[in-house]
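Peer 1: Okay, handing you the structure first.
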Amino acid sequence: MFSMNQLQNEQLLFSYSVSGSSRRIPRLQYTTICAPMVRYSKLPFRMLVRKYGCDLAFTPMIVSNSFVHSAKARDNEFTTCFGDRPLVVQFAANNATDLADAAELVAPYADGVDLNCGCPQRWALSEHYGAYLINNAELVKDMVLQTRNRISDQKFLISIKIRIHYDIRKTVDLCQKAQQAGVSFITIHGRTLEQRKEPVNIQAIKTVKDSLSIPVFGNGDVFSLKDADNLYEQTGVNGVMSARGLLQNPALFAGYHYTPRDCVQDWLDISLNLGTHFTSFHHHLMYMLEKIMPRPERRVFNTLSSTAAVLDYLQMNYDFC
């Protein structure tokens with residue numbers, strides 16, 4: 001495992017194949033993606049989903065300004081290892097300089113960067129991050145263009161992840177401007193800034209996809225492989241991204257309806273090997289086991305307060321090693 005400080009002292013040769021892949025059934029030909037998730041899409045979880053049919057993974061959103069100006073932030077926020085590829089690092093930025101500077105720092109250790117244009121949280125909007133940017137198409141265009149011009153490797157990916165507008169013409173305009181600036185692909189979460197649990201707007205995703213010549217990924221309400229297939233078939237997107245669905249079932253893209261036992265064991269092995277903080281270790285298990293454990297058992301399991309207690313519980317009740 002490498003922090004940013006360690007990465008700068010290593011010459012890394014990354015492999016794009018993931019050994020031990022556990023994909024169980026054939027699926028339609030689209031890219032499968034682990035979404036950027038604050039606190040959750042960190043290195044151990046990325047390594048887990050790669051074993052179960054996930055083709056591409058994003059880091060959690062990182063604030064670019066802090067990342068550029070603080071070595072401590074870089075070491076805390078960005079960690080990778082051999083096999084953690086292909087990898088896209090997502091940044092929150094509100095100006096081209098911060099995004100381009102951050103992209104330069106991670107370019108030797110990742111396959112691309114993504115500009116978050118979809119986060120609806122109040123703090124992000126107040127800082128002109130996230131979904132604030134979908135109403136500033138010229139700024140997004142400039143940020144993509146300047147970042148593209150800064151990175152010499154033309155194979156390095158520069159993408160944006162957006163929410164849609166109520167007026168889909170504004171979304172199309174935003175995406176076409178980003179395409180003109182040289183964006184590599186666009187991920188569309190099919191909800192507006194104000195929406196949370198409303199149904200995903202499939203037609204909006206299709207409309208944007210049909211208006212562009214670059215790859216488009218679809219995101220929203222993907223909780224099973226069938227959901228992913230349906231989104232692909234209804235919109236023609238090049239890839240399908242999942243967030244909450246993968247948290248509940250990291251083997252989703254391998255065709256499992258619930259987290260299989262082997263996947264839970266893999267999480268134990270990977271997370272312990274990488275030294276995962278207890279809170280993250282425990283929370284991921286709470287998500288994975290939510291539909292497997294009876295409610296009385298979940299009440300007990302969710303109150304456990306140490307790694308040792310979790311391991312003892314799983315060994316005694318489920319015979320995990």
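Just remember, in the structure tokens the first chain shown is A, the second B, etc., residues are 1-based per chain, and ligands are 1-based in the order shown.
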Would you list the contacts of segment 66-69 of chain A as number ranges by chain, taking every protein, DNA or RNA residue within 9 Å and counting only C-alpha atoms, but skipping same-chain residues closer than 6 positions in sequence?

Peer 2: A: 75, 77-78, 98-99, 101-102, 105

Peer 1: If you keep N, CA, C and O atoms, can you produce a file of those selected residues as an mmCIF file, in the first residue's frame?

Peer 2:
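This went into selection38.cif:
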data_model
loop_
_atom_site.group_PDB
_atom_site.id
_atom_site.type_symbol
_atom_site.label_atom_id
_atom_site.label_comp_id
_atom_site.auth_asym_id
_atom_site.auth_seq_id
_atom_site.Cartn_x
_atom_site.Cartn_y
_atom_site.Cartn_z
ATOM 1 N N ASP A 75 -1.527 12.501 1.793
ATOM 2 C CA ASP A 75 -1.295 11.183 2.379
ATOM 3 C C ASP A 75 -2.577 10.580 2.948
ATOM 4 O O ASP A 75 -2.779 9.364 2.901
ATOM 5 N N GLU A 77 -5.768 11.313 1.952
ATOM 6 C CA GLU A 77 -6.871 11.191 1.003
ATOM 7 C C GLU A 77 -6.601 10.266 -0.172
ATOM 8 O O GLU A 77 -7.542 9.764 -0.791
ATOM 9 N N PHE A 78 -5.339 10.051 -0.499
ATOM 10 C CA PHE A 78 -5.055 9.251 -1.693
ATOM 11 C C PHE A 78 -4.085 8.124 -1.361
ATOM 12 O O PHE A 78 -2.924 8.354 -1.041
ATOM 13 N N ASP A 98 -6.660 24.801 -9.635
ATOM 14 C CA ASP A 98 -6.663 23.753 -8.610
ATOM 15 C C ASP A 98 -6.838 22.376 -9.232
ATOM 16 O O ASP A 98 -6.158 21.419 -8.841
ATOM 17 N N LEU A 99 -7.755 22.248 -10.179
ATOM 18 C CA LEU A 99 -7.985 20.947 -10.794
ATOM 19 C C LEU A 99 -6.764 20.484 -11.572
ATOM 20 O O LEU A 99 -6.349 19.324 -11.457
ATOM 21 N N ASP A 101 -3.620 21.423 -11.162
ATOM 22 C CA ASP A 101 -2.519 21.138 -10.230
ATOM 23 C C ASP A 101 -2.706 19.768 -9.578
ATOM 24 O O ASP A 101 -1.750 18.984 -9.449
ATOM 25 N N ALA A 102 -3.923 19.475 -9.153
ATOM 26 C CA ALA A 102 -4.201 18.186 -8.520
ATOM 27 C C ALA A 102 -4.010 17.044 -9.509
ATOM 28 O O ALA A 102 -3.463 15.984 -9.163
ATOM 29 N N LEU A 105 -0.434 16.068 -9.896
ATOM 30 C CA LEU A 105 0.105 15.309 -8.767
ATOM 31 C C LEU A 105 -0.237 13.826 -8.851
ATOM 32 O O LEU A 105 0.587 12.975 -8.496
#

Peer 1: Would you kindly return, as a ChimeraX atom specification, each protein, DNA or RNA residue with an atom no farther than 10 Å from any atom of Gln176 of chain A, considering only C-alpha atoms and excluding same-chain residues fewer than 6 positions away?

Peer 2: /A:137,141,170,182-183,208,211-214

Peer 1: Quick one: write out the picked residues with N, CA and C atoms as a compact mmCIF listing (two decimals), in the first residue's frame?

Peer 2:
# COMPACT_ATOMS: atom_id res chain seq x y z
N ALA A 137 -21.49 26.20 -17.31
CA ALA A 137 -20.92 25.38 -18.38
C ALA A 137 -19.59 25.93 -18.89
N LYS A 141 -16.06 23.94 -18.89
CA LYS A 141 -15.30 23.82 -20.14
C LYS A 141 -13.86 24.27 -19.96
N LYS A 170 -30.22 22.23 -21.13
CA LYS A 170 -29.08 22.80 -20.42
C LYS A 170 -28.02 21.72 -20.15
N GLY A 182 -12.42 18.62 -24.65
CA GLY A 182 -11.56 17.44 -24.62
C GLY A 182 -11.82 16.47 -23.50
N VAL A 183 -13.03 16.52 -22.89
CA VAL A 183 -13.34 15.58 -21.83
C VAL A 183 -13.37 14.16 -22.41
N VAL A 208 -28.92 12.75 -23.47
CA VAL A 208 -27.55 13.26 -23.43
C VAL A 208 -26.61 12.31 -24.17
N SER A 211 -26.62 12.79 -27.80
CA SER A 211 -26.14 14.09 -28.28
C SER A 211 -24.62 14.18 -28.33
N LEU A 212 -23.94 13.12 -27.88
CA LEU A 212 -22.48 13.17 -27.75
C LEU A 212 -21.83 12.07 -28.58
N SER A 213 -20.55 12.27 -28.86
CA SER A 213 -19.77 11.24 -29.57
C SER A 213 -18.77 10.55 -28.65
N ILE A 214 -18.60 11.05 -27.44
CA ILE A 214 -17.70 10.44 -26.46
C ILE A 214 -18.47 9.44 -25.61

Peer 1: Enumerate, as a ChimeraX atom specification, the complete set of residues in segment 42-242 of chain A that a backbone-based DSSP assignment places in strand (DSSP E or B).

Peer 2: /A:56-58,62-63,79-80,87-92,112-117,157-163,185-189,216-219,239-242

Peer 1: Can you tell me, as a short mmCIF file (atom, residue, chain, number, x, y, z; two decimals) with N, CA, C and O atoms, in the first residue's frame, which residues in segment 21-248 of chain A count as alpha helix (DSSP H) by DSSP?

Peer 2:
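Written file, result35.cif:
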data_model
loop_
_atom_site.label_atom_id
_atom_site.label_comp_id
_atom_site.auth_asym_id
_atom_site.auth_seq_id
_atom_site.Cartn_x
_atom_site.Cartn_y
_atom_site.Cartn_z
N LEU A 43 -9.27 2.42 -0.96
CA LEU A 43 -8.48 1.33 -1.53
C LEU A 43 -9.00 -0.06 -1.19
O LEU A 43 -9.18 -0.88 -2.10
N PRO A 44 -9.24 -0.42 0.07
CA PRO A 44 -9.66 -1.81 0.35
C PRO A 44 -10.95 -2.19 -0.39
O PRO A 44 -11.05 -3.29 -0.93
N PHE A 45 -11.92 -1.27 -0.41
CA PHE A 45 -13.18 -1.59 -1.08
C PHE A 45 -12.98 -1.66 -2.59
O PHE A 45 -13.58 -2.52 -3.26
N ARG A 46 -12.15 -0.80 -3.14
CA ARG A 46 -11.88 -0.87 -4.58
C ARG A 46 -11.26 -2.22 -4.95
O ARG A 46 -11.61 -2.82 -5.97
N MET A 47 -10.34 -2.70 -4.13
CA MET A 47 -9.71 -3.98 -4.41
C MET A 47 -10.71 -5.13 -4.31
O MET A 47 -10.62 -6.11 -5.05
N LEU A 48 -11.69 -4.98 -3.43
CA LEU A 48 -12.71 -6.02 -3.29
C LEU A 48 -13.61 -6.07 -4.52
O LEU A 48 -13.80 -7.14 -5.11
N VAL A 49 -14.16 -4.93 -4.94
CA VAL A 49 -15.11 -4.96 -6.06
C VAL A 49 -14.41 -5.35 -7.36
O VAL A 49 -15.05 -5.91 -8.26
N ARG A 50 -13.13 -5.08 -7.48
CA ARG A 50 -12.39 -5.50 -8.68
C ARG A 50 -12.37 -7.02 -8.81
O ARG A 50 -12.28 -7.56 -9.91
N SER A 64 -9.66 19.55 -4.10
CA SER A 64 -8.42 19.75 -4.83
C SER A 64 -7.50 20.77 -4.16
O SER A 64 -6.28 20.59 -4.12
N ASN A 65 -8.06 21.85 -3.65
CA ASN A 65 -7.24 22.90 -3.06
C ASN A 65 -6.44 22.38 -1.88
O ASN A 65 -5.24 22.63 -1.75
N SER A 66 -7.10 21.63 -0.99
CA SER A 66 -6.41 21.04 0.16
C SER A 66 -5.37 20.02 -0.30
O SER A 66 -4.26 19.96 0.25
N PHE A 67 -5.73 19.23 -1.29
CA PHE A 67 -4.83 18.20 -1.80
C PHE A 67 -3.55 18.81 -2.36
O PHE A 67 -2.45 18.32 -2.13
N VAL A 68 -3.69 19.92 -3.07
CA VAL A 68 -2.53 20.57 -3.69
C VAL A 68 -1.63 21.21 -2.65
O VAL A 68 -0.39 21.13 -2.75
N HIS A 69 -2.22 21.80 -1.62
CA HIS A 69 -1.43 22.61 -0.70
C HIS A 69 -1.03 21.91 0.59
O HIS A 69 -0.27 22.48 1.39
N ALA A 71 0.56 18.33 2.23
CA ALA A 71 1.10 16.97 2.12
C ALA A 71 0.31 16.01 3.01
O ALA A 71 0.11 14.85 2.65
N LYS A 72 -0.14 16.50 4.17
CA LYS A 72 -0.94 15.66 5.07
C LYS A 72 -2.24 15.24 4.40
O LYS A 72 -2.65 14.08 4.48
N ALA A 73 -2.88 16.18 3.71
CA ALA A 73 -4.12 15.86 2.99
C ALA A 73 -3.86 14.83 1.90
O ALA A 73 -4.66 13.91 1.70
N ARG A 74 -2.75 14.98 1.20
CA ARG A 74 -2.44 14.02 0.13
C ARG A 74 -2.24 12.62 0.69
O ARG A 74 -2.76 11.63 0.14
N ASP A 75 -1.53 12.50 1.79
CA ASP A 75 -1.29 11.18 2.38
C ASP A 75 -2.58 10.58 2.95
O ASP A 75 -2.78 9.36 2.90
N ASN A 76 -3.45 11.43 3.50
CA ASN A 76 -4.69 10.94 4.09
C ASN A 76 -5.73 10.56 3.04
O ASN A 76 -6.49 9.61 3.22
N GLU A 77 -5.77 11.31 1.95
CA GLU A 77 -6.87 11.19 1.00
C GLU A 77 -6.60 10.27 -0.17
O GLU A 77 -7.54 9.76 -0.79
N ALA A 96 -9.90 26.27 -12.52
CA ALA A 96 -9.09 25.41 -13.38
C ALA A 96 -7.72 25.14 -12.80
O ALA A 96 -7.18 24.04 -12.97
N THR A 97 -7.13 26.11 -12.12
CA THR A 97 -5.77 25.94 -11.59
C THR A 97 -5.72 24.81 -10.57
O THR A 97 -4.83 23.95 -10.63
N ASP A 98 -6.66 24.80 -9.63
CA ASP A 98 -6.66 23.75 -8.61
C ASP A 98 -6.84 22.38 -9.23
O ASP A 98 -6.16 21.42 -8.84
N LEU A 99 -7.75 22.25 -10.18
CA LEU A 99 -7.99 20.95 -10.79
C LEU A 99 -6.76 20.48 -11.57
O LEU A 99 -6.35 19.32 -11.46
N ALA A 100 -6.16 21.37 -12.35
CA ALA A 100 -4.99 21.00 -13.13
C ALA A 100 -3.81 20.66 -12.24
O ALA A 100 -3.07 19.70 -12.51
N ASP A 101 -3.62 21.42 -11.16
CA ASP A 101 -2.52 21.14 -10.23
C ASP A 101 -2.71 19.77 -9.58
O ASP A 101 -1.75 18.98 -9.45
N ALA A 102 -3.92 19.47 -9.15
CA ALA A 102 -4.20 18.19 -8.52
C ALA A 102 -4.01 17.04 -9.51
O ALA A 102 -3.46 15.98 -9.16
N ALA A 103 -4.44 17.26 -10.75
CA ALA A 103 -4.29 16.23 -11.77
C ALA A 103 -2.82 15.92 -12.02
O ALA A 103 -2.44 14.76 -12.18
N GLU A 104 -1.99 16.94 -12.03
CA GLU A 104 -0.56 16.73 -12.23
C GLU A 104 0.03 15.86 -11.12
O GLU A 104 0.91 15.02 -11.37
N LEU A 105 -0.43 16.07 -9.90
CA LEU A 105 0.11 15.31 -8.77
C LEU A 105 -0.24 13.83 -8.85
O LEU A 105 0.59 12.98 -8.50
N VAL A 106 -1.45 13.50 -9.30
CA VAL A 106 -1.87 12.09 -9.30
C VAL A 106 -1.62 11.39 -10.63
O VAL A 106 -1.72 10.16 -10.70
N ARG A 122 -24.98 20.82 0.91
CA ARG A 122 -25.02 22.27 1.09
C ARG A 122 -23.62 22.86 1.19
O ARG A 122 -23.34 23.93 0.62
N TRP A 123 -22.73 22.19 1.92
CA TRP A 123 -21.37 22.75 2.09
C TRP A 123 -20.66 22.84 0.75
O TRP A 123 -19.93 23.81 0.48
N ALA A 124 -20.86 21.82 -0.11
CA ALA A 124 -20.21 21.83 -1.42
C ALA A 124 -20.75 22.95 -2.29
O ALA A 124 -19.99 23.67 -2.95
N LEU A 125 -22.05 23.14 -2.28
CA LEU A 125 -22.65 24.20 -3.08
C LEU A 125 -22.17 25.57 -2.62
O LEU A 125 -21.91 26.47 -3.44
N SER A 126 -22.03 25.75 -1.30
CA SER A 126 -21.59 27.04 -0.77
C SER A 126 -20.15 27.37 -1.17
O SER A 126 -19.77 28.54 -1.25
N ALA A 137 -21.49 26.20 -17.31
CA ALA A 137 -20.92 25.38 -18.38
C ALA A 137 -19.59 25.93 -18.89
O ALA A 137 -18.67 25.16 -19.17
N GLU A 138 -19.46 27.25 -18.99
CA GLU A 138 -18.21 27.82 -19.49
C GLU A 138 -17.06 27.57 -18.53
O GLU A 138 -15.92 27.33 -18.94
N LEU A 139 -17.33 27.63 -17.23
CA LEU A 139 -16.30 27.35 -16.24
C LEU A 139 -15.87 25.90 -16.31
O LEU A 139 -14.67 25.58 -16.29
N VAL A 140 -16.84 24.98 -16.42
CA VAL A 140 -16.51 23.56 -16.54
C VAL A 140 -15.67 23.32 -17.80
O VAL A 140 -14.67 22.59 -17.77
N LYS A 141 -16.06 23.94 -18.89
CA LYS A 141 -15.30 23.82 -20.14
C LYS A 141 -13.86 24.27 -19.96
O LYS A 141 -12.91 23.61 -20.39
N ASP A 142 -13.67 25.41 -19.29
CA ASP A 142 -12.32 25.93 -19.05
C ASP A 142 -11.51 25.02 -18.15
O ASP A 142 -10.31 24.80 -18.38
N MET A 143 -12.14 24.44 -17.13
CA MET A 143 -11.44 23.55 -16.20
C MET A 143 -10.97 22.29 -16.91
O MET A 143 -9.84 21.83 -16.72
N VAL A 144 -11.83 21.75 -17.77
CA VAL A 144 -11.44 20.57 -18.54
C VAL A 144 -10.32 20.90 -19.51
O VAL A 144 -9.31 20.18 -19.61
N LEU A 145 -10.46 22.02 -20.20
CA LEU A 145 -9.46 22.41 -21.21
C LEU A 145 -8.10 22.65 -20.59
O LEU A 145 -7.07 22.17 -21.10
N GLN A 146 -8.06 23.39 -19.49
CA GLN A 146 -6.76 23.69 -18.87
C GLN A 146 -6.12 22.44 -18.28
O GLN A 146 -4.89 22.28 -18.32
N THR A 147 -6.94 21.55 -17.74
CA THR A 147 -6.38 20.30 -17.21
C THR A 147 -5.85 19.43 -18.34
O THR A 147 -4.77 18.84 -18.24
N ARG A 148 -6.60 19.36 -19.43
CA ARG A 148 -6.14 18.60 -20.60
C ARG A 148 -4.83 19.15 -21.13
O ARG A 148 -3.91 18.40 -21.46
N ASN A 149 -4.69 20.46 -21.17
CA ASN A 149 -3.47 21.08 -21.69
C ASN A 149 -2.28 20.89 -20.75
O ASN A 149 -1.13 20.92 -21.17
N ARG A 150 -2.58 20.69 -19.47
CA ARG A 150 -1.49 20.56 -18.48
C ARG A 150 -0.88 19.16 -18.48
O ARG A 150 0.30 19.00 -18.16
N ILE A 168 -33.55 19.64 -19.90
CA ILE A 168 -32.47 18.76 -20.35
C ILE A 168 -31.61 19.43 -21.42
O ILE A 168 -30.45 19.04 -21.63
N ARG A 169 -32.12 20.47 -22.05
CA ARG A 169 -31.32 21.19 -23.04
C ARG A 169 -30.09 21.82 -22.39
O ARG A 169 -29.03 21.91 -23.02
N LYS A 170 -30.22 22.23 -21.13
CA LYS A 170 -29.08 22.80 -20.42
C LYS A 170 -28.02 21.72 -20.15
O LYS A 170 -26.82 21.99 -20.21
N THR A 171 -28.48 20.52 -19.86
CA THR A 171 -27.55 19.41 -19.63
C THR A 171 -26.81 19.07 -20.91
O THR A 171 -25.60 18.83 -20.90
N VAL A 172 -27.54 19.02 -22.01
CA VAL A 172 -26.91 18.74 -23.30
C VAL A 172 -25.87 19.81 -23.63
O VAL A 172 -24.76 19.50 -24.07
N ASP A 173 -26.21 21.08 -23.40
CA ASP A 173 -25.27 22.17 -23.66
C ASP A 173 -24.01 22.03 -22.82
O ASP A 173 -22.88 22.18 -23.32
N LEU A 174 -24.18 21.74 -21.53
CA LEU A 174 -23.03 21.55 -20.64
C LEU A 174 -22.14 20.43 -21.15
O LEU A 174 -20.90 20.58 -21.23
N CYS A 175 -22.73 19.31 -21.50
CA CYS A 175 -21.95 18.14 -21.92
C CYS A 175 -21.27 18.38 -23.26
O CYS A 175 -20.13 17.95 -23.48
N GLN A 176 -21.93 19.06 -24.16
CA GLN A 176 -21.32 19.34 -25.46
C GLN A 176 -20.15 20.31 -25.32
O GLN A 176 -19.14 20.17 -26.01
N LYS A 177 -20.26 21.26 -24.42
CA LYS A 177 -19.14 22.18 -24.17
C LYS A 177 -17.96 21.42 -23.57
O LYS A 177 -16.79 21.65 -23.93
N ALA A 178 -18.24 20.50 -22.65
CA ALA A 178 -17.17 19.68 -22.07
C ALA A 178 -16.52 18.80 -23.13
O ALA A 178 -15.29 18.62 -23.15
N GLN A 179 -17.33 18.25 -24.02
CA GLN A 179 -16.80 17.44 -25.11
C GLN A 179 -15.88 18.28 -26.00
O GLN A 179 -14.79 17.82 -26.39
N GLN A 180 -16.28 19.49 -26.32
CA GLN A 180 -15.44 20.38 -27.13
C GLN A 180 -14.10 20.67 -26.45
O GLN A 180 -13.09 20.87 -27.13
N ALA A 181 -14.10 20.69 -25.12
CA ALA A 181 -12.88 21.00 -24.38
C ALA A 181 -11.94 19.81 -24.27
O ALA A 181 -10.80 19.96 -23.83
N ILE A 202 -34.43 8.09 -16.91
CA ILE A 202 -33.78 7.29 -17.94
C ILE A 202 -33.72 8.03 -19.28
O ILE A 202 -32.70 8.03 -19.98
N GLN A 203 -34.82 8.69 -19.62
CA GLN A 203 -34.88 9.39 -20.90
C GLN A 203 -33.86 10.52 -20.96
O GLN A 203 -33.27 10.78 -22.02
N ALA A 204 -33.64 11.18 -19.86
CA ALA A 204 -32.64 12.26 -19.82
C ALA A 204 -31.25 11.72 -20.11
O ALA A 204 -30.48 12.33 -20.86
N ILE A 205 -30.91 10.59 -19.49
CA ILE A 205 -29.60 9.98 -19.75
C ILE A 205 -29.47 9.62 -21.22
O ILE A 205 -28.44 9.88 -21.85
N LYS A 206 -30.52 9.03 -21.79
CA LYS A 206 -30.49 8.65 -23.20
C LYS A 206 -30.34 9.87 -24.11
O LYS A 206 -29.58 9.85 -25.09
N THR A 207 -31.05 10.94 -23.78
CA THR A 207 -30.98 12.15 -24.59
C THR A 207 -29.56 12.71 -24.63
O THR A 207 -29.05 13.08 -25.70
N VAL A 208 -28.92 12.75 -23.47
CA VAL A 208 -27.55 13.26 -23.43
C VAL A 208 -26.61 12.31 -24.17
O VAL A 208 -25.76 12.75 -24.95
N LYS A 209 -26.77 11.03 -23.95
CA LYS A 209 -25.94 10.04 -24.64
C LYS A 209 -26.04 10.22 -26.16
O LYS A 209 -25.02 10.21 -26.87
N ASP A 210 -27.24 10.39 -26.66
CA ASP A 210 -27.46 10.51 -28.10
C ASP A 210 -26.90 11.81 -28.68
O ASP A 210 -26.70 11.91 -29.90
N LEU A 225 -27.45 -6.71 -11.08
CA LEU A 225 -26.96 -6.81 -12.45
C LEU A 225 -28.09 -6.57 -13.44
O LEU A 225 -27.89 -5.97 -14.50
N LYS A 226 -29.30 -6.98 -13.08
CA LYS A 226 -30.46 -6.73 -13.95
C LYS A 226 -30.71 -5.23 -14.09
O LYS A 226 -31.00 -4.74 -15.19
N ASP A 227 -30.58 -4.49 -12.98
CA ASP A 227 -30.73 -3.04 -13.05
C ASP A 227 -29.70 -2.44 -14.00
O ASP A 227 -30.01 -1.54 -14.80
N ALA A 228 -28.46 -2.93 -13.89
CA ALA A 228 -27.38 -2.43 -14.76
C ALA A 228 -27.68 -2.74 -16.22
O ALA A 228 -27.53 -1.88 -17.10
N ASP A 229 -28.10 -3.96 -16.48
CA ASP A 229 -28.44 -4.35 -17.86
C ASP A 229 -29.57 -3.48 -18.41
O ASP A 229 -29.53 -3.04 -19.56
N ASN A 230 -30.58 -3.24 -17.58
CA ASN A 230 -31.72 -2.43 -18.03
C ASN A 230 -31.30 -1.01 -18.36
O ASN A 230 -31.74 -0.43 -19.37
N LEU A 231 -30.44 -0.42 -17.52
CA LEU A 231 -29.98 0.93 -17.77
C LEU A 231 -29.20 1.00 -19.08
O LEU A 231 -29.36 1.93 -19.88
N TYR A 232 -28.37 0.00 -19.29
CA TYR A 232 -27.59 -0.07 -20.53
C TYR A 232 -28.52 -0.21 -21.75
O TYR A 232 -28.37 0.50 -22.75
N GLU A 233 -29.48 -1.11 -21.65
CA GLU A 233 -30.35 -1.38 -22.80
C GLU A 233 -31.29 -0.22 -23.11
O GLU A 233 -31.61 0.05 -24.27
N GLN A 234 -31.72 0.49 -22.09
CA GLN A 234 -32.67 1.59 -22.28
C GLN A 234 -32.02 2.89 -22.73
O GLN A 234 -32.69 3.75 -23.31
N THR A 235 -30.72 3.04 -22.47
CA THR A 235 -30.06 4.32 -22.76
C THR A 235 -28.94 4.22 -23.78
O THR A 235 -28.56 5.23 -24.37
N ARG A 244 -24.64 2.85 -3.92
CA ARG A 244 -25.25 2.14 -2.79
C ARG A 244 -25.44 0.66 -3.08
O ARG A 244 -25.32 -0.18 -2.17
N GLY A 245 -25.72 0.32 -4.33
CA GLY A 245 -25.88 -1.09 -4.67
C GLY A 245 -24.63 -1.89 -4.39
O GLY A 245 -24.71 -3.02 -3.87
N LEU A 246 -23.47 -1.33 -4.72
CA LEU A 246 -22.21 -2.03 -4.46
C LEU A 246 -21.88 -2.08 -2.98
O LEU A 246 -21.27 -3.04 -2.51
N LEU A 247 -22.28 -1.05 -2.24
CA LEU A 247 -22.05 -1.10 -0.79
C LEU A 247 -22.81 -2.29 -0.19
O LEU A 247 -22.28 -3.01 0.66
N GLN A 248 -24.04 -2.48 -0.62
CA GLN A 248 -24.85 -3.57 -0.08
C GLN A 248 -24.42 -4.92 -0.62
O GLN A 248 -24.56 -5.94 0.06
#

Peer 1: Would you mind listing what lies within 9 Å of Val240 of chain A as a PyMOL selection string, with only C-alpha atoms counted and same-chain residues fewer than 6 positions away left out?

Peer 2: chain A and resi 30-34+187+216-220+222+228-229+231-232

Peer 1: Write the residues of the selection above to a file with N, CA and C atoms, as a tab-separated table (two decimals), in the first residue's frame.

Peer 2:
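Output below, filename part.tsv:
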chain	number	residue	atom	x	y	z
A	30	TYR	N	-20.71	-3.77	-21.49
A	30	TYR	CA	-20.54	-2.38	-21.07
A	30	TYR	C	-19.56	-2.35	-19.90
A	31	THR	N	-18.98	-1.19	-19.66
A	31	THR	CA	-18.02	-1.03	-18.57
A	31	THR	C	-18.78	-0.94	-17.24
A	32	THR	N	-18.30	-1.64	-16.23
A	32	THR	CA	-18.91	-1.60	-14.91
A	32	THR	C	-18.02	-0.76	-13.99
A	33	ILE	N	-18.66	0.11	-13.21
A	33	ILE	CA	-17.90	1.13	-12.49
A	33	ILE	C	-18.34	1.24	-11.05
A	34	CYS	N	-17.35	1.32	-10.16
A	34	CYS	CA	-17.59	1.63	-8.75
A	34	CYS	C	-17.58	3.14	-8.59
A	187	THR	N	-20.09	10.98	-16.84
A	187	THR	CA	-21.01	10.14	-16.08
A	187	THR	C	-22.22	10.97	-15.68
A	216	VAL	N	-20.37	7.72	-22.58
A	216	VAL	CA	-21.23	8.21	-21.50
A	216	VAL	C	-21.54	7.05	-20.57
A	217	PHE	N	-21.42	7.29	-19.26
A	217	PHE	CA	-21.76	6.30	-18.24
A	217	PHE	C	-23.04	6.73	-17.54
A	218	GLY	N	-23.88	5.76	-17.19
A	218	GLY	CA	-25.12	6.04	-16.48
A	218	GLY	C	-25.01	5.65	-15.02
A	219	ASN	N	-25.69	6.41	-14.16
A	219	ASN	CA	-25.60	6.21	-12.72
A	219	ASN	C	-26.96	6.50	-12.09
A	220	GLY	N	-27.33	5.66	-11.12
A	220	GLY	CA	-28.55	5.88	-10.36
A	220	GLY	C	-29.41	4.63	-10.25
A	222	VAL	N	-28.85	1.51	-9.33
A	222	VAL	CA	-28.33	0.23	-9.83
A	222	VAL	C	-28.04	-0.65	-8.62
A	228	ALA	N	-28.46	-2.93	-13.89
A	228	ALA	CA	-27.38	-2.43	-14.76
A	228	ALA	C	-27.68	-2.74	-16.22
A	229	ASP	N	-28.10	-3.96	-16.48
A	229	ASP	CA	-28.44	-4.35	-17.86
A	229	ASP	C	-29.57	-3.48	-18.41
A	231	LEU	N	-30.44	-0.42	-17.52
A	231	LEU	CA	-29.98	0.93	-17.77
A	231	LEU	C	-29.20	1.00	-19.08
A	232	TYR	N	-28.37	0.00	-19.29
A	232	TYR	CA	-27.59	-0.07	-20.53
A	232	TYR	C	-28.52	-0.21	-21.75

Peer 1: Measuring atom to atom with only C-alpha atoms, identify which of A:Pro296, A:Gly236, A:Pro108, A:Pro36 is nearest to Val89 of chain A.

Peer 2: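 Among the listed residues, the smallest separation from Val89 of chain A belongs to A:Pro36.
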
Peer 1: Report, in Å to a single decimal, how far apart atom CA of Phe301 of chain A and atom CA of Met316 of chain A are.

Peer 2: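 Atom-to-atom, atom CA of Met316 of chain A and atom CA of Phe301 of chain A are spaced 12.1 Å apart.
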
Peer 1: I'd like the contact shell of segment 273-280 of chain A - 9 Å cut-off, only C-alpha atoms, skipping same-chain residues fewer than 6 positions apart - returned as a list in words.

Peer 2: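 Residues meeting the cut-off are Met1, Arg39, Tyr40, Leu43, Pro44, Ser305, Ser306 and Thr307 of chain A.
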
Peer 1: Take the residues from that selection and write them out as a compact mmCIF listing (two decimals), in the first residue's frame, keeping C-alpha atoms.

Peer 2:
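Dumped to selection07.txt:
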# COMPACT_ATOMS: atom_id res chain seq x y z
CA MET A 1 0.00 0.00 0.00
CA ARG A 39 -15.56 7.41 3.15
CA TYR A 40 -16.35 4.21 1.26
CA LEU A 43 -8.48 1.33 -1.53
CA PRO A 44 -9.66 -1.81 0.35
CA SER A 305 -16.88 -1.79 18.94
CA SER A 306 -13.61 -3.43 17.92
CA THR A 307 -12.13 -5.44 15.08

Peer 1: Find the residue from A:Leu252, A:Thr259, A:Met241, A:Leu314 that sits nearest to His282 of chain A; use only C-alpha atoms when measuring.

Peer 2: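 Closest to His282 of chain A of all the choices is A:Leu314.
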